[in-house]
Amino acid sequence: MSGRPTAPTPTAPLELSVVVPAFNEERRLGATLDAVTRHLHSTGSHWGSWEILVADDGSTDATRELVTVRGDPRVKLVVGGSGNRGKGHALRLGVAASRGRHILVMDADLATPVEELGRLEKALTDGCAAAVGSRAVPGATLGDRQHRIRELLGKSGNLLIRRTTLRGIRDTQCGFKLFDGDKARAAFAASRLNGWAIDVEVLRYFQRAGWPVAEVPVHWSHQPGSKVRPADYLRFLRDLARLRIPALRLRPADVLAAVLFVAMATALYSGRVFDPAHRYLTDSLQDQNQWEWFFAVTADNVAHLRNPLFSDLQGFPDGVNLMANTTMLGLSVPLTPLTLLLGPAVTLSLVMTLGLAATAAAWYRLIVRRLVRLRPAAFAGATLAAFAPPMISHANAHPNFVVLFVIPLIVERALRLTTGARVTRDAVVLGLLAAYQFFLGEEPLLLAALGMLLFAVVYGVVRPDVARRAFRPLLNGLAIAAAVCLPLVLYPLAWQFSGPQSYSGIDHGSAPGVANSVRALLSFAERSLIAGDAGRADALSLNPTEQNAFYGWPLALLAFAITVGLWRRPAVKALACTAAAAAVLSLGPRITLPLTGTTIPGPWTLFADLPLFESVIESRVALVCAPALGMLLALAVDRLAHARRLRTQYAGLLAVSVALLPLLPAPLKSEPRTEVPAFFTDGTWKAYVRPGETLVPVPLAEPEDAQALHWQTATGLGFRMPGGYFNGPYGDGDRTGVYGVPLRFTASLLRDVRYTGVVPVVDARARAATREDLAYWRAGALVLAPQPRVERLRETVEKLVGRPGRRVAGVWVWDLHQGPQDRS
C-alpha cells in the first residue's frame, strides 16, 4: 500500500471514531482496547455508533494480530506502507480512515483513562472545535510521575512550543484529544510531519483557521514501556523548527556538516566526554576544577535565589566577585537544572563539546550566507575557524574561548545593518546578541569587535563607495544596538568594576607567551597529530592552554598564495589584512625581528593601556586570525571547485591538504581524576565545621593547586574556605588584579612547605600569627589530604597548632574547637 492516507470508502457516518496510533504495543494494546470498548458499551454511554481504528506504524510484534483476532467489526486495523515512520504518520492514516462526527485521538498506553472523555465532550458541546486533555491546567491530577529528566524535558518542550510556535495551550503533547470530525480530517490531511510534533502542527492549523480549542484538565499517570528515545527529542526540535520557519529546508549537506562538527568535537574530547565526572583534562592545569566550581556556584546561587554575581564560598571572608571572573552566566544560569541534576562536571563537558560544534556550525552558516554557496568550501572554512590550533589549546580549559556561536551571529547582523534595510529591527537583535555574548565572555566579544573594526576599515578603504552608503545606517544601527545592550549589562558592569572584590586590571608581565613571537605564529601546536612538538610549543607559550598562535608555516604560505591569487576581490583584501593586522598586534608592545635580535615598538602599544584592553593577554589577539583564515580558505576551495582545468583543481586541493594536515589535532589528553577523600564524600566534614565557620585545606587552594574546589563541589558546596583560584584585587589599598588571594602568613608558610619540602622553624611568634590567621578565616578545622610531602606538611601544622592531628576518613584533621580530644 502507499504510505500516504487515502480517502475512506463513503459509508454511513458514526458518532465517534477512536484513533489509536500503535508501534509494537502487543503488551499494552489488548488492555486498552478492552477498556475503551467496555466504556463505550457501558449503560451510561450515549455514543450510539462508534469505531476504534488502530493505526499501525510498522509493528514487528503481534500488535496487528491483537486487532484482527478480536473479530469485532467496530475495531479495525489501519495499515499504510511498511516500516516505522512515526506517530504523525500513523495518526494521519487513522484520521483519514475515520467516519465519526467526533474523533478521539488517544495513546495506546491509556495514561489518560478513557473515562475522561466526558470532560472533553462537554467542551465540544459548548462550541469548541477541539478539546485537548491537559496535565498543566488547574484541576488536572497526576498519578505516577515520569523520571525527573523526562519531566524536565517535557516541560522545557512545552515552554519552547508556547514561546515559538503555538500560544495559549500549555500541554500539547498529552495523548488524549477530542476533535470535530470534519475539521480534524481537514487538519490532519494538511499536516506533513511524521513525528510527535504533528500535535503542534494540527492545533496550529485549528488556531489559524479560527476554530476554538479548549484545554481541559484530566487525570494522567505515567505508564511504563515508553517508546520515546533520546533521538526523538532532537527530531521533535527539528520538526518545531520546520513549523516555525516554513521556508526552512536544510540541505542534506547542511545536516551532514552539523553532524560532522558534533563528531569532531566529541572525538576531540573523547578522553573525557563519556565519563566527565571521573576524567580530568591533563592540560587544563587547574582550570577544570575552577570552571566546574563556577558552574556549581552559579547553580547554587540561582537555586537559593542569591546574587549570582558574588560568592564567599572561596576567598573567605572577602569572597569572589563572580562578574569580574568569567563565569559564563549566559549558560551557567539557564543550565542550572542540569547542573543540579547531573553535576557541574557533566554540564561543563556538554558545554565545551556542544559549544565547540555549535561555533563551527555558526561559522558555516555565516560563510554559506555571505561568502560562498558551495557547502564543502564552507565546511572547510568553518572547520578552520572553530578548530584552529589556538582554539584547540583553549578547548582544554577555557569554554569562554570555545563557545563562540554568538560571534558569527553578531557579524551577520552587523553586515545586515550596512544595507540600510530594517535597521531598527536588526539593531535591536544585534544589541540583544551583544548583551548575551557579554554574559558568555567579554574578552572574546572585545576581540571580535577589534577584528570587525579592522575588517571594516580595510574594506572601507578598498570600496569607498560601499563605505559611504553603509556608514549612516551602520552608525544609526550601532547606536540603537548600544541603547538596547547597555541597560542589560550596566548593573553587571558596575558590579564588575565597582562591586566587592573588583579590580582595575591584571598585569600579566612579560613572560614568554604573554605576547606571541613570529616563531610561535609559524610553528606547530603541541596537539598537532603529525607535527606537534610539546617542548617547542611550551617554550613559545605561557602554558598548554594559552598556545594562541601556532598556525604553522604551510598555512601561512597558503594564506599568502590565496591572497595573491584572489587579490582583486575586496573581501580577500579585507580578510587578509585583518589576519595580518591581528597577527602583528599579538606580537605585543615590543616586537623582536626574526634573525636579528632587534626589538622595535609594536602597534599593541596603542591599545595596551586602554580600559578593558589592559587585562587582555596580547597573544590572544591572534585568535582573530582563525575565522579570517577560515574564510580565505573557503573562498579558495570555492574558486578551485569552479576552475576549468582539472590539473588546477588537483594542484590546489593538494596545496590545501598539505597546509591543513599538520593542523589536524590529536584528542585532548585526559587522565583518571583524583578520588575525593571519604571525609568529604560521606559527610564527615560536617562534624567539624559549624555554621559560619570555614574548612581550611592544607595548603590553601591556589591557582597552582585548586583540588580543594573539587572537594567543595563534591559536597554540594556545603562549606566555605579561605584561599582559592579566581581573579581578585591584591589588597584593599591596591586594586591591581591577581590570580588567587594575597597570601597571609600561614598560607604562605604552608605553600613554601608544599614546594620545598622543608619544615620551617616555628616559634611563638609564628604560632601567634597562625592563631590570628585562623581567627580571620573563622576556621573550624584544618584538613590535610593525601598529597606529595604530606608528612612534612603534617609536621608543620602540628607545630603551628600545638597538637597532633587525627586521621579521619582518609585525611588528617585538626579540630579547632575547644575540647577536640572529647570528639569521638
# chains A, B, ... in the order shown; residues from 1 in each chain; ligands from 1
call {"tool": "residues_around", "arguments": {"residues": "Pro390 (chain A)", "least_positions_apart": "3", "cutoff": "9 Å", "atoms": "only C-alpha atoms", "output": "number ranges by chain"}}
result
A: 387, 393-395, 525, 545-551, 620, 622-623, 626
call {"tool": "write_last_selection", "arguments": {"atoms": "N, CA and C atoms", "output": "PDB file, in the first residue's frame"}}
result
ATOM      1  N   PHE A 387      38.217  25.028  14.754  1.00  0.00           N
ATOM      2  CA  PHE A 387      39.146  24.010  15.244  1.00  0.00           C
ATOM      3  C   PHE A 387      40.598  24.383  14.957  1.00  0.00           C
ATOM      4  N   SER A 393      43.831  24.618  21.787  1.00  0.00           N
ATOM      5  CA  SER A 393      44.531  24.891  23.043  1.00  0.00           C
ATOM      6  C   SER A 393      43.548  25.356  24.116  1.00  0.00           C
ATOM      7  N   HIS A 394      42.691  26.296  23.773  1.00  0.00           N
ATOM      8  CA  HIS A 394      41.717  26.797  24.750  1.00  0.00           C
ATOM      9  C   HIS A 394      40.645  25.757  25.067  1.00  0.00           C
ATOM     10  N   ALA A 395      40.444  24.805  24.168  1.00  0.00           N
ATOM     11  CA  ALA A 395      39.464  23.756  24.423  1.00  0.00           C
ATOM     12  C   ALA A 395      39.837  22.912  25.639  1.00  0.00           C
ATOM     13  N   ALA A 525      51.401  23.463  16.843  1.00  0.00           N
ATOM     14  CA  ALA A 525      50.916  23.341  18.212  1.00  0.00           C
ATOM     15  C   ALA A 525      51.278  21.997  18.811  1.00  0.00           C
ATOM     16  N   THR A 545      47.327  25.790  27.740  1.00  0.00           N
ATOM     17  CA  THR A 545      46.008  26.383  27.491  1.00  0.00           C
ATOM     18  C   THR A 545      46.099  27.731  26.786  1.00  0.00           C
ATOM     19  N   GLU A 546      47.300  28.227  26.595  1.00  0.00           N
ATOM     20  CA  GLU A 546      47.480  29.564  26.009  1.00  0.00           C
ATOM     21  C   GLU A 546      48.392  29.520  24.787  1.00  0.00           C
ATOM     22  N   GLN A 547      48.275  28.486  23.984  1.00  0.00           N
ATOM     23  CA  GLN A 547      49.012  28.434  22.712  1.00  0.00           C
ATOM     24  C   GLN A 547      48.168  29.163  21.666  1.00  0.00           C
ATOM     25  N   ASN A 548      48.288  30.478  21.695  1.00  0.00           N
ATOM     26  CA  ASN A 548      47.354  31.332  20.955  1.00  0.00           C
ATOM     27  C   ASN A 548      47.738  31.570  19.499  1.00  0.00           C
ATOM     28  N   ALA A 549      48.790  30.965  19.015  1.00  0.00           N
ATOM     29  CA  ALA A 549      49.209  31.152  17.618  1.00  0.00           C
ATOM     30  C   ALA A 549      49.316  29.782  16.955  1.00  0.00           C
ATOM     31  N   PHE A 550      50.515  29.384  16.542  1.00  0.00           N
ATOM     32  CA  PHE A 550      50.798  28.024  16.071  1.00  0.00           C
ATOM     33  C   PHE A 550      49.925  27.617  14.878  1.00  0.00           C
ATOM     34  N   TYR A 551      49.770  28.559  13.942  1.00  0.00           N
ATOM     35  CA  TYR A 551      49.043  28.226  12.711  1.00  0.00           C
ATOM     36  C   TYR A 551      49.912  27.433  11.739  1.00  0.00           C
ATOM     37  N   ARG A 620      46.479  36.559  22.700  1.00  0.00           N
ATOM     38  CA  ARG A 620      45.144  36.097  22.336  1.00  0.00           C
ATOM     39  C   ARG A 620      44.555  36.845  21.138  1.00  0.00           C
ATOM     40  N   ALA A 622      45.712  36.925  18.384  1.00  0.00           N
ATOM     41  CA  ALA A 622      45.901  36.052  17.217  1.00  0.00           C
ATOM     42  C   ALA A 622      44.700  35.129  17.003  1.00  0.00           C
ATOM     43  N   LEU A 623      43.806  35.011  17.986  1.00  0.00           N
ATOM     44  CA  LEU A 623      42.591  34.223  17.784  1.00  0.00           C
ATOM     45  C   LEU A 623      41.733  34.809  16.672  1.00  0.00           C
ATOM     46  N   ALA A 626      41.864  33.162  13.155  1.00  0.00           N
ATOM     47  CA  ALA A 626      41.246  31.879  12.826  1.00  0.00           C
ATOM     48  C   ALA A 626      40.051  32.034  11.883  1.00  0.00           C
TER      49      ALA A 626
END
call {"tool": "closest_atom_pairs", "arguments": {"of": "region 547-645 of chain A", "to": "region 363-382 of chain A", "cutoff": "6 Å", "atoms": "only C-alpha atoms", "output": "JSON lines"}}
result
{"residue": "A:Gly630", "atom": "CA", "partner": "A:Gly381", "partner_atom": "CA", "distance": 4.0}
{"residue": "A:Met631", "atom": "CA", "partner": "A:Gly381", "partner_atom": "CA", "distance": 5.3}
{"residue": "A:Leu633", "atom": "CA", "partner": "A:Gly381", "partner_atom": "CA", "distance": 5.4}
{"residue": "A:Ala634", "atom": "CA", "partner": "A:Ala377", "partner_atom": "CA", "distance": 4.6}
{"residue": "A:Val637", "atom": "CA", "partner": "A:Ala377", "partner_atom": "CA", "distance": 5.2}
{"residue": "A:Asp638", "atom": "CA", "partner": "A:Ala377", "partner_atom": "CA", "distance": 5.4}
call {"tool": "write_last_selection", "arguments": {"atoms": "N, CA and C atoms", "output": "mmCIF file, in the first residue's frame"}}
result
data_model
loop_
_atom_site.group_PDB
_atom_site.id
_atom_site.type_symbol
_atom_site.label_atom_id
_atom_site.label_comp_id
_atom_site.auth_asym_id
_atom_site.auth_seq_id
_atom_site.Cartn_x
_atom_site.Cartn_y
_atom_site.Cartn_z
ATOM 1 N N GLY A 630 39.922 31.068 7.934
ATOM 2 C CA GLY A 630 38.897 30.120 7.519
ATOM 3 C C GLY A 630 38.101 30.623 6.327
ATOM 4 N N MET A 631 37.777 31.896 6.331
ATOM 5 C CA MET A 631 37.012 32.462 5.220
ATOM 6 C C MET A 631 37.870 32.545 3.956
ATOM 7 N N LEU A 633 40.169 30.442 3.239
ATOM 8 C CA LEU A 633 40.200 29.053 2.778
ATOM 9 C C LEU A 633 38.914 28.688 2.037
ATOM 10 N N ALA A 634 37.778 29.118 2.561
ATOM 11 C CA ALA A 634 36.500 28.830 1.902
ATOM 12 C C ALA A 634 36.465 29.437 0.504
ATOM 13 N N VAL A 637 38.759 27.277 -1.818
ATOM 14 C CA VAL A 637 38.178 25.990 -2.192
ATOM 15 C C VAL A 637 37.038 26.187 -3.179
ATOM 16 N N ASP A 638 36.250 27.228 -2.961
ATOM 17 C CA ASP A 638 35.153 27.525 -3.891
ATOM 18 C C ASP A 638 35.700 27.867 -5.276
#
call {"tool": "closest_residue", "arguments": {"among": "A:Leu305, A:Ala385, A:Leu454, A:Ala96", "to": "Val402 (chain A)", "atoms": "only C-alpha atoms"}}
result
A:Ala385
call {"tool": "closest_atom_pairs", "arguments": {"of": "region 690-803 of chain A", "to": "region 276-294 of chain A", "cutoff": "10 Å", "atoms": "only C-alpha atoms", "output": "JSON lines"}}
result
{"residue": "A:Glu702", "atom": "CA", "partner": "A:Gln286", "partner_atom": "CA", "distance": 9.0}
{"residue": "A:Pro703", "atom": "CA", "partner": "A:Gln286", "partner_atom": "CA", "distance": 6.6}
{"residue": "A:Glu704", "atom": "CA", "partner": "A:Gln286", "partner_atom": "CA", "distance": 6.6}
{"residue": "A:Asp705", "atom": "CA", "partner": "A:Gln286", "partner_atom": "CA", "distance": 6.3}
{"residue": "A:Ala706", "atom": "CA", "partner": "A:Gln286", "partner_atom": "CA", "distance": 5.8}
{"residue": "A:Gln707", "atom": "CA", "partner": "A:Asn289", "partner_atom": "CA", "distance": 6.7}
{"residue": "A:Ala708", "atom": "CA", "partner": "A:Asn289", "partner_atom": "CA", "distance": 8.5}
{"residue": "A:Leu709", "atom": "CA", "partner": "A:Asn289", "partner_atom": "CA", "distance": 6.1}
{"residue": "A:His710", "atom": "CA", "partner": "A:Asn289", "partner_atom": "CA", "distance": 5.7}
{"residue": "A:Trp711", "atom": "CA", "partner": "A:Asn289", "partner_atom": "CA", "distance": 9.5}
{"residue": "A:Gln712", "atom": "CA", "partner": "A:Trp293", "partner_atom": "CA", "distance": 8.0}
{"residue": "A:Thr713", "atom": "CA", "partner": "A:Trp293", "partner_atom": "CA", "distance": 6.3}
{"residue": "A:Ala714", "atom": "CA", "partner": "A:Trp293", "partner_atom": "CA", "distance": 9.8}
{"residue": "A:Leu717", "atom": "CA", "partner": "A:Trp293", "partner_atom": "CA", "distance": 8.8}
{"residue": "A:Gly724", "atom": "CA", "partner": "A:Gln290", "partner_atom": "CA", "distance": 8.9}
{"residue": "A:Tyr725", "atom": "CA", "partner": "A:Gln290", "partner_atom": "CA", "distance": 6.6}
{"residue": "A:Phe726", "atom": "CA", "partner": "A:Gln290", "partner_atom": "CA", "distance": 7.7}
call {"tool": "select_by_dssp", "arguments": {"residues": "region 624-766 of chain A", "states": "strand (DSSP E)", "output": "MDAnalysis selection string"}}
result
chainID A and resid 670:672 694:697 727:729 736:739
call {"tool": "write_last_selection", "arguments": {"atoms": "N, CA, C and O atoms", "output": "PDB file, in the first residue's frame"}}
result
ATOM      1  N   SER A 670      43.758  13.241  28.640  1.00  0.00           N
ATOM      2  CA  SER A 670      42.963  13.140  29.870  1.00  0.00           C
ATOM      3  C   SER A 670      43.532  12.041  30.742  1.00  0.00           C
ATOM      4  O   SER A 670      44.338  11.213  30.284  1.00  0.00           O
ATOM      5  N   GLU A 671      43.118  12.021  31.989  1.00  0.00           N
ATOM      6  CA  GLU A 671      43.611  11.046  32.960  1.00  0.00           C
ATOM      7  C   GLU A 671      42.535  10.783  34.000  1.00  0.00           C
ATOM      8  O   GLU A 671      41.597  11.587  34.144  1.00  0.00           O
ATOM      9  N   PRO A 672      42.620   9.668  34.715  1.00  0.00           N
ATOM     10  CA  PRO A 672      41.647   9.428  35.784  1.00  0.00           C
ATOM     11  C   PRO A 672      41.722  10.540  36.828  1.00  0.00           C
ATOM     12  O   PRO A 672      42.805  11.011  37.173  1.00  0.00           O
ATOM     13  N   THR A 694      34.689  28.086  58.518  1.00  0.00           N
ATOM     14  CA  THR A 694      35.272  27.603  57.268  1.00  0.00           C
ATOM     15  C   THR A 694      36.074  26.341  57.506  1.00  0.00           C
ATOM     16  O   THR A 694      36.486  26.038  58.627  1.00  0.00           O
ATOM     17  N   LEU A 695      36.277  25.609  56.429  1.00  0.00           N
ATOM     18  CA  LEU A 695      37.204  24.478  56.414  1.00  0.00           C
ATOM     19  C   LEU A 695      38.462  24.948  55.699  1.00  0.00           C
ATOM     20  O   LEU A 695      38.378  25.463  54.577  1.00  0.00           O
ATOM     21  N   VAL A 696      39.616  24.782  56.347  1.00  0.00           N
ATOM     22  CA  VAL A 696      40.875  25.279  55.790  1.00  0.00           C
ATOM     23  C   VAL A 696      41.680  24.119  55.228  1.00  0.00           C
ATOM     24  O   VAL A 696      42.173  23.279  55.984  1.00  0.00           O
ATOM     25  N   PRO A 697      41.808  24.009  53.906  1.00  0.00           N
ATOM     26  CA  PRO A 697      42.649  22.956  53.322  1.00  0.00           C
ATOM     27  C   PRO A 697      44.121  23.248  53.604  1.00  0.00           C
ATOM     28  O   PRO A 697      44.533  24.408  53.722  1.00  0.00           O
ATOM     29  N   ASN A 727      40.116  35.500  40.091  1.00  0.00           N
ATOM     30  CA  ASN A 727      40.740  36.812  39.929  1.00  0.00           C
ATOM     31  C   ASN A 727      40.161  37.766  40.972  1.00  0.00           C
ATOM     32  O   ASN A 727      38.940  37.861  41.120  1.00  0.00           O
ATOM     33  N   GLY A 728      41.050  38.473  41.655  1.00  0.00           N
ATOM     34  CA  GLY A 728      40.600  39.438  42.658  1.00  0.00           C
ATOM     35  C   GLY A 728      41.648  40.502  42.870  1.00  0.00           C
ATOM     36  O   GLY A 728      42.736  40.450  42.283  1.00  0.00           O
ATOM     37  N   PRO A 729      41.366  41.475  43.732  1.00  0.00           N
ATOM     38  CA  PRO A 729      42.327  42.560  43.969  1.00  0.00           C
ATOM     39  C   PRO A 729      43.479  42.085  44.849  1.00  0.00           C
ATOM     40  O   PRO A 729      43.326  41.166  45.664  1.00  0.00           O
ATOM     41  N   THR A 736      44.981  46.322  42.003  1.00  0.00           N
ATOM     42  CA  THR A 736      45.515  45.581  40.871  1.00  0.00           C
ATOM     43  C   THR A 736      45.063  44.126  40.949  1.00  0.00           C
ATOM     44  O   THR A 736      45.094  43.512  42.019  1.00  0.00           O
ATOM     45  N   GLY A 737      44.645  43.575  39.834  1.00  0.00           N
ATOM     46  CA  GLY A 737      44.142  42.212  39.829  1.00  0.00           C
ATOM     47  C   GLY A 737      45.253  41.185  39.935  1.00  0.00           C
ATOM     48  O   GLY A 737      46.336  41.356  39.381  1.00  0.00           O
ATOM     49  N   VAL A 738      44.965  40.105  40.667  1.00  0.00           N
ATOM     50  CA  VAL A 738      45.891  38.989  40.789  1.00  0.00           C
ATOM     51  C   VAL A 738      45.076  37.700  40.691  1.00  0.00           C
ATOM     52  O   VAL A 738      43.859  37.696  40.823  1.00  0.00           O
ATOM     53  N   TYR A 739      45.781  36.588  40.459  1.00  0.00           N
ATOM     54  CA  TYR A 739      45.140  35.279  40.474  1.00  0.00           C
ATOM     55  C   TYR A 739      45.212  34.721  41.892  1.00  0.00           C
ATOM     56  O   TYR A 739      46.289  34.630  42.473  1.00  0.00           O
TER      57      TYR A 739
END
call {"tool": "residues_around", "arguments": {"residues": "region 473-479 of chain A", "least_positions_apart": "5", "cutoff": "7 Å", "atoms": "only C-alpha atoms", "output": "list in words"}}
result
Leu417, Thr418, Gly420, Val423, Thr424 and Ala427 of chain A
call {"tool": "atom_distance", "arguments": {"atom1": "CA of His398 (chain A)", "atom2": "CA of Asn516 (chain A)"}}
result
18.7 Å
call {"tool": "residues_around", "arguments": {"residues": "Gly588 (chain A)", "least_positions_apart": "6", "cutoff": "6 Å", "atoms": "only C-alpha atoms", "output": "list in words"}}
result
Ala515, Trp604 and Glu618 of chain A
call {"tool": "atom_distance", "arguments": {"atom1": "CA of Val333 (chain A)", "atom2": "CA of Thr353 (chain A)"}}
result
18.1 Å
call {"tool": "residues_around", "arguments": {"residues": "Arg27 (chain A)", "least_positions_apart": "5", "cutoff": "10 Å", "atoms": "only C-alpha atoms", "output": "VMD selection string"}}
result
chain A and resid 32 61 to 63 66 108 to 109 225
call {"tool": "residues_around", "arguments": {"residues": "region 99-105 of chain A", "least_positions_apart": "4", "cutoff": "6 Å", "atoms": "only C-alpha atoms", "output": "PyMOL selection string"}}
result
chain A and resi 13-19+176-181
call {"tool": "write_last_selection", "arguments": {"atoms": "N, CA and C atoms", "output": "mmCIF file, in the first residue's frame"}}
result
data_model
loop_
_atom_site.group_PDB
_atom_site.id
_atom_site.type_symbol
_atom_site.label_atom_id
_atom_site.label_comp_id
_atom_site.auth_asym_id
_atom_site.auth_seq_id
_atom_site.Cartn_x
_atom_site.Cartn_y
_atom_site.Cartn_z
ATOM 1 N N PRO A 13 -22.034 7.741 8.400
ATOM 2 C CA PRO A 13 -21.242 8.374 9.458
ATOM 3 C C PRO A 13 -21.545 7.751 10.817
ATOM 4 N N LEU A 14 -20.565 7.856 11.717
ATOM 5 C CA LEU A 14 -20.687 7.348 13.077
ATOM 6 C C LEU A 14 -20.619 8.519 14.054
ATOM 7 N N GLU A 15 -20.998 8.242 15.286
ATOM 8 C CA GLU A 15 -20.925 9.296 16.290
ATOM 9 C C GLU A 15 -19.481 9.553 16.731
ATOM 10 N N LEU A 16 -18.711 8.499 16.864
ATOM 11 C CA LEU A 16 -17.367 8.643 17.429
ATOM 12 C C LEU A 16 -16.393 7.693 16.744
ATOM 13 N N SER A 17 -15.231 8.233 16.398
ATOM 14 C CA SER A 17 -14.101 7.422 15.944
ATOM 15 C C SER A 17 -12.975 7.585 16.961
ATOM 16 N N VAL A 18 -12.453 6.484 17.436
ATOM 17 C CA VAL A 18 -11.304 6.497 18.346
ATOM 18 C C VAL A 18 -10.082 6.039 17.555
ATOM 19 N N VAL A 19 -9.084 6.910 17.429
ATOM 20 C CA VAL A 19 -7.877 6.597 16.661
ATOM 21 C C VAL A 19 -6.721 6.375 17.639
ATOM 22 N N PHE A 176 -4.381 12.672 24.461
ATOM 23 C CA PHE A 176 -5.819 12.463 24.664
ATOM 24 C C PHE A 176 -6.539 13.724 24.187
ATOM 25 N N LYS A 177 -7.079 13.679 22.945
ATOM 26 C CA LYS A 177 -7.674 14.863 22.334
ATOM 27 C C LYS A 177 -8.945 14.464 21.601
ATOM 28 N N LEU A 178 -9.957 15.336 21.706
ATOM 29 C CA LEU A 178 -11.227 15.111 21.017
ATOM 30 C C LEU A 178 -11.433 16.232 20.010
ATOM 31 N N PHE A 179 -11.752 15.868 18.745
ATOM 32 C CA PHE A 179 -11.894 16.838 17.665
ATOM 33 C C PHE A 179 -13.275 16.737 17.031
ATOM 34 N N ASP A 180 -13.710 17.849 16.471
ATOM 35 C CA ASP A 180 -14.798 17.799 15.486
ATOM 36 C C ASP A 180 -14.266 16.986 14.296
ATOM 37 N N GLY A 181 -15.026 15.987 13.860
ATOM 38 C CA GLY A 181 -14.517 15.033 12.880
ATOM 39 C C GLY A 181 -14.086 15.652 11.573
#
call {"tool": "residues_around", "arguments": {"residues": "Gln501 (chain A)", "least_positions_apart": "3", "cutoff": "12 Å", "atoms": "only C-alpha atoms", "output": "PyMOL selection string"}}
result
chain A and resi 309-312+315-325+495-498+504+726-738+740-741
call {"tool": "closest_residue", "arguments": {"among": "A:Arg38, A:Arg74, A:Arg28, A:Arg568", "to": "Trp50 (chain A)", "atoms": "only C-alpha atoms"}}
result
A:Arg74
call {"tool": "select_by_dssp", "arguments": {"residues": "region 573-704 of chain A", "states": "helix (DSSP H, G or I)", "output": "count of residues only"}}
result
70
call {"tool": "closest_residue", "arguments": {"among": "A:Ala449, A:Ala129, A:Val302, A:Leu354", "to": "Pro334 (chain A)", "atoms": "only C-alpha atoms"}}
result
A:Val302
